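**Q** Below you will find the structure I want to go over with you.
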Amino acid sequence: MRDTSPRTAEGQRLIENKSRTKNWQRWGTYLPERQWGTVREDYSYNGDVWNSFPYEMAQYRTYRWGEDGLLGWTDRQCRLCFSTVLWNGRDLTLKERLFGLGNPEGNHGEDVKEQFYYLDALPTHSYCKALYKYPQTAFPYDQLREENKRRGYDQPEYELLDTGIFDDNRYFDIFIEYAKADVEDTVIRITAHNRGPDVAPLTILPQLTLRNNWSWTNLEATGKTKPIISQTGPFRVQAAHKILGAYRFEPVDGGAILPERLLFTENDSNMRRLDPNYDGPDHFSKDGFDRYLVHGDQNAVKENSGTKCAFLYRFMLEPGSSQMLYLRLVRVGAEHSLDVEPAVMDVTRAEEVFATRKSEADDFYAKHISQEATAEECNISRQAFAGLLWCKQFYYFIAEQWMTGDPTQIAPPAERMKKSEEWRHLFCRDILSMPDKWEYPWFAAWDTAFHMIPMARIDPEFAKNQLLLLLREWYMHPNGQMPAYEFAFGDVNPPVHGWAVWHVYRLGVDENGVGDLDFLERAFQKLMLNFTWWVNRNDEKGHNLFGGGFLGLDNIGVFDRSVTLPNGVSMHQADGTAWMGLYCSVMLQIALELAQQRSTAYEDIASKFFEHYIAVIDAINSVGGTGLWDEEDGFYFDQLQHDDGRSISLKVRSMVGLAPLFAVCIMKKRTVEGLTDFEKRTNWFLMHKEKLSEYVSKAEVSDAEINGSQWIAIAPHDRFQRILQRVFDESEFLSPHGIRALSRHHHQNPFEANLQGQRFTVRYTPAEGDSGMFGGNSNWRGPVWFPMNMLLINALERYSLVYGDDYKLEYPTGSGQQHTLVEIAEDIARRLVSLFLPDKDGRRPSHGREERYATDPYWKDLILFSEYFDGDTGRGLGASHQTGWTALAATLIHALYTRREIRNRAQ
């Protein structure tokens, strides 16, 4: 039924934003959490990003392609940036950004070593809230580095909580909140709580920075002007940017505490720190505030103007006490006459803005989180959505400019040109959804596909635009390949973009079954280019058995599947072929929808995908006898194929062999009826391709909409059942918290193989990886991770439509209990959600054995949405804030209470 409830205030803002009546999303929490250690800022000859621009250097070296800061705020092109700087009086440097280990430093790869949490956010960023826990004693930088360096792959990562620095609650809780009084009128609230037993000093510097865009070009020659921040009152500044406009920044009037001082410096590199041979004049630099406060350099800061400024607040906080600061960043000029400045805002008005926006956030999520959900489930959903929104980030990368260098700088090494020459067309200057804003502060195309499923629930326009953006000509390669991610744009990722497009479209259908057809059609045109690239690139011998390499599953394979194999050897990948089956099925469904709703011209291409889909199904099931199916094990496996005809199955029971279950296509009668050419071609095919017609079934169920519809799946019924028998076995794939990436069978029975005299072993490891493959940061040999679980749940929901409610399977295997596929899908969803739910002792499995999260009132309601989870215990692993795909938890919670959404998603 159509939703007739009153529209929320945030819903109205989203409508205004879509129509550009008001640009509500011009400002947001888009400031990167980490800019150092990225490919963009790497100027080394060998691509050593972590050592060429390490954490310490970020303090005094200016960035080329962005900025970063602590839980900050910026415009959508990162021109003017707000962030909070802290100092406890004991650290040797100011706390300006989040610390973590570079990939070579961590025993399991790169790893943030901070305690921070995204607590709340609205899609228009009209209200956002985050928490940073700041230790009162000196931050243990060296201890974290040394202990992690000492530990091997067989040991867990050494975390900040392990150092004991939070013992006796000797830390500050720093809450940072943003609320928009209007489109370009942001109120900022910083609240500091002393959780410790003693009086503790705390310095807070609310900081405003202009991104450096003047050091890379000759301003005089180009006619550009350098932006400036100037003092316009005792504690008031105005930032002037030629394109962005002018903004006033000040403490909110009427606050009990005024800053001690207004500080200025320049957002330029400290040449004395960068070059020991520098003999030029002293100058104001990016690290000026640190030099002034921590090191007592009185000449490091300046008066009146600069490109970086901060208000200086110093407090002595009593045990249990708190201090609150209010600031305001508001546009002047353009929307406000320069002669008539925005009205002065006092603390009472600021508090009203926060109270209103917080109340509106509550109203918004009351509509987007099921009212039947428990309080804990609502808390999980709210924080999952918050992390998803906070992880939107400004991403700036112009490949050709990066390769050739800047006019005023030293030319880059020749190796840079070679590395990215094929992607010289790439032009990124957008707000993108990051997998994790610290550990993966760059877009990853296949991650984005999963991010947009929960995003579509709260901001469908952003979700659709994000999916379209990666298909645009300044991202997609002219040959049709989508860029993978910053470290290797040319890597091969699973082609799930089409699945996400169809999924997001289906989530938005109205009561007549029709969604945003413009979006669907635009995406389909570009997806056809990408599909063609896949067919030409990864089906080397034209057998519809696909390879491609990485495919998102890292070292779940026997060896690195991206490497070049010996002459005469090729690999047919069960997941690669299954991905193409899924791609075909999705493209068929989209083509049929467009043929029914837009133009019968789409019937021809629908026929093409119908026949291609069946060819892929036939290949994986029967080429060379049984294709990639192993009758003895009842599973699909990767296969090494030799030129002399020999084939070797790599019998690893993993997600690779589950992927064929994902491709289930239902050609609903209502959609196909009236498509004369498609029906004629389909009937001819089924009549004259008798062997292949066996892969097409007709649904005979009580559901009138589905009954009589044709459906196609990669796995025939008997193989479908045999695979699921293993999947539902708690001694194999089924864990207490979802489906494992690798069967637990391989714990006692590791798989071993020899290739060209080299021995490879695959053993079940439920948590961190135990090898150096992929830099030691590739840990899929056992853990639970959300993307593949989501695809399996979605597939089970589709199978349930065509098999009907009377069809049941034993679940768990060996239990003697029979359940419908919907019941099984729901139970797997509940197991995944249980990762974040407290047990009777208050322990959430995702938090492992950390006692604070179970008993401490300042910790127990905080949730981390990790990259993946221990296959036995559920402990969170990998990137601790990977809220992108793990935000699917919110999708699952809602779906558990909403049968209509499950049905739409399944179709």
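Order determines the names: the first chain of the structure tokens is A, the second B, and so forth; residues in each chain are numbered 1 upward, and ligands are numbered 1 upward as they are shown.
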What's the 9 Å shell around A:Tyr132, counting only C-alpha atoms, without same-chain residues fewer than 6 positions away, as a list in words?

**A**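 Listed by chain and then number, they are Leu70, Leu71, Glu114, Gln115, Phe116, Tyr117, Phe172, Asp173, Ile174, Phe175 and Ile176 of chain A.
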
**Q** Could you give me, as a list in words, the residues within 9 Å of stretch 287-299 of chain A, counting only C-alpha atoms and dropping anything in the same chain fewer than 5 positions from it?

**A** Gln59, Tyr60, Arg61, Trp87, Gly89, Arg90, Asp91, Leu92, Thr93, Leu94, Leu263, Phe264, Thr265, Glu266, Asn267, Asp268, Ser269, Asn270, Cys309 and Ala310 of chain A

**Q** Need to verify the contact set: stretch 518-532 of chain A, 8 Å, only C-alpha atoms, exclusion of same-chain residues closer than 6 positions in sequence. Can you return it as a ChimeraX atom specification?

**A** /A:464,467-468,471-472,479-482,498,501-502,505,583,587,590-591,594

**Q** What are the closest atom pairs, with distances in Å to one decimal, for each residue of stretch 330-427 of chain A lying within 6 Å of stretch 246-262 of chain A, using only C-alpha atoms, rows by chain and rising residue number, as a Markdown table?

**A**
| residue | atom | partner | partner_atom | distance |
| --- | --- | --- | --- | --- |
| A:Val330 | CA | A:Arg248 | CA | 5.3 |
| A:Arg331 | CA | A:Tyr247 | CA | 4.4 |
| A:Val332 | CA | A:Tyr247 | CA | 5.4 |
| A:Asp346 | CA | A:Asp253 | CA | 4.5 |
| A:Val347 | CA | A:Gly254 | CA | 5.9 |

**Q** For each of A:Met655, A:Ala663, A:Ile453, A:Lys608, take the minimum atom-to-atom distance to A:Leu892, counting only C-alpha atoms, then give the residue where this is smallest.

**A**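 That would be A:Ile453, the residue with the smallest distance to A:Leu892.
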
**Q** What's around A:Ala179 at 9 Å? Count only C-alpha atoms, leave out sequence neighbours fewer than 5 positions away in its own chain, and write the answer as a ChimeraX atom specification.

**A** /A:125-129,185-189,350,353-354,357-358

**Q** Can you tell me, as a count of residues only, what residues are no more than 12 Å from A:Ala595 when counting only C-alpha atoms, ignoring any on the same chain fewer than 6 positions away?

**A** 21

**Q** With only C-alpha atoms as the atoms that count, which of A:Asp363, A:Ala192, A:Arg382, A:Pro281 lies nearest to A:Tyr326?

**A**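 Ranked by minimum distance to A:Tyr326, first place goes to A:Ala192.
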
**Q** Please measure the separation of atom CA of A:Trp474 and atom CA of A:Ala444, giving the value in Å to one decimal.

**A**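 These two atoms are separated by 15.5 Å.
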
**Q** Quick one: pull the distance between atom CA of A:Ala445 and atom CA of A:Ala484, Å, one decimal.

**A** 5.3 Å

**Q** Looking at only C-alpha atoms, which of A:Asp806, A:Arg831, A:Gln725, A:Glu730 is the one that sits closest to A:His819?

**A**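 Under the stated criterion, the closest residue is A:Asp806.
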
**Q** I need the residues of stretch 463-529 of chain A that end up classed as alpha helix (DSSP H) by DSSP on the backbone, written out as a PyMOL selection string.

**A** chain A and resi 463-469+497-507+517-529

**Q** Check stretch 277-410 of chain A with DSSP on the backbone and list each residue it calls strand (DSSP E or B), as an MDAnalysis selection string.

**A** chainID A and resid 302 305:306 308:317 322:333 336 346 392:398

**Q** Could you save the residues just selected, with C-alpha atoms, as a PDB file, in the first residue's frame?

**A**
ATOM      1  CA  LYS A 302      50.437  34.982  13.027  1.00  0.00           C
ATOM      2  CA  SER A 305      44.802  36.460   8.399  1.00  0.00           C
ATOM      3  CA  GLY A 306      46.004  33.189   6.879  1.00  0.00           C
ATOM      4  CA  LYS A 308      44.267  28.185   8.416  1.00  0.00           C
ATOM      5  CA  CYS A 309      42.847  29.472  11.705  1.00  0.00           C
ATOM      6  CA  ALA A 310      41.684  28.174  15.071  1.00  0.00           C
ATOM      7  CA  PHE A 311      40.078  29.388  18.278  1.00  0.00           C
ATOM      8  CA  LEU A 312      42.191  28.386  21.280  1.00  0.00           C
ATOM      9  CA  TYR A 313      40.332  27.004  24.327  1.00  0.00           C
ATOM     10  CA  ARG A 314      42.113  25.603  27.394  1.00  0.00           C
ATOM     11  CA  PHE A 315      40.347  23.877  30.261  1.00  0.00           C
ATOM     12  CA  MET A 316      41.077  22.076  33.517  1.00  0.00           C
ATOM     13  CA  LEU A 317      38.220  19.597  33.735  1.00  0.00           C
ATOM     14  CA  SER A 322      32.032  18.486  31.073  1.00  0.00           C
ATOM     15  CA  GLN A 323      32.483  21.544  28.888  1.00  0.00           C
ATOM     16  CA  MET A 324      30.409  22.516  25.869  1.00  0.00           C
ATOM     17  CA  LEU A 325      31.369  24.803  22.987  1.00  0.00           C
ATOM     18  CA  TYR A 326      29.082  26.196  20.282  1.00  0.00           C
ATOM     19  CA  LEU A 327      30.385  27.573  16.994  1.00  0.00           C
ATOM     20  CA  ARG A 328      28.813  28.691  13.759  1.00  0.00           C
ATOM     21  CA  LEU A 329      29.865  28.529  10.103  1.00  0.00           C
ATOM     22  CA  VAL A 330      27.495  30.541   7.926  1.00  0.00           C
ATOM     23  CA  ARG A 331      27.455  31.834   4.358  1.00  0.00           C
ATOM     24  CA  VAL A 332      27.645  35.583   3.757  1.00  0.00           C
ATOM     25  CA  GLY A 333      27.121  37.241   0.395  1.00  0.00           C
ATOM     26  CA  HIS A 336      23.068  37.032   2.325  1.00  0.00           C
ATOM     27  CA  ASP A 346      23.024  33.084  20.643  1.00  0.00           C
ATOM     28  CA  LYS A 392      30.581   9.648   2.381  1.00  0.00           C
ATOM     29  CA  GLN A 393      33.789  11.475   1.465  1.00  0.00           C
ATOM     30  CA  PHE A 394      35.152  13.979  -1.013  1.00  0.00           C
ATOM     31  CA  TYR A 395      37.324  12.050  -3.454  1.00  0.00           C
ATOM     32  CA  TYR A 396      39.569  14.020  -5.809  1.00  0.00           C
ATOM     33  CA  PHE A 397      41.785  12.353  -8.401  1.00  0.00           C
ATOM     34  CA  ILE A 398      42.509  13.511 -11.949  1.00  0.00           C
TER      35      ILE A 398
END

**Q** Please list as a list in words every residue within 12 Å of A:Glu461, counting only C-alpha atoms and excluding residues in the same chain fewer than 3 positions away.

**A** Gly11, Leu14, Ile15, Glu16, Asn17, Lys18, Ser19, Gln25, Pro123, Thr124, Met452, Ile453, Met455, Ala456, Arg457, Ile458, Lys464, Asn465, Gln466, Leu467, Leu468, Leu469, Val504, Tyr505, Gly508, Asp516 and Phe519 of chain A
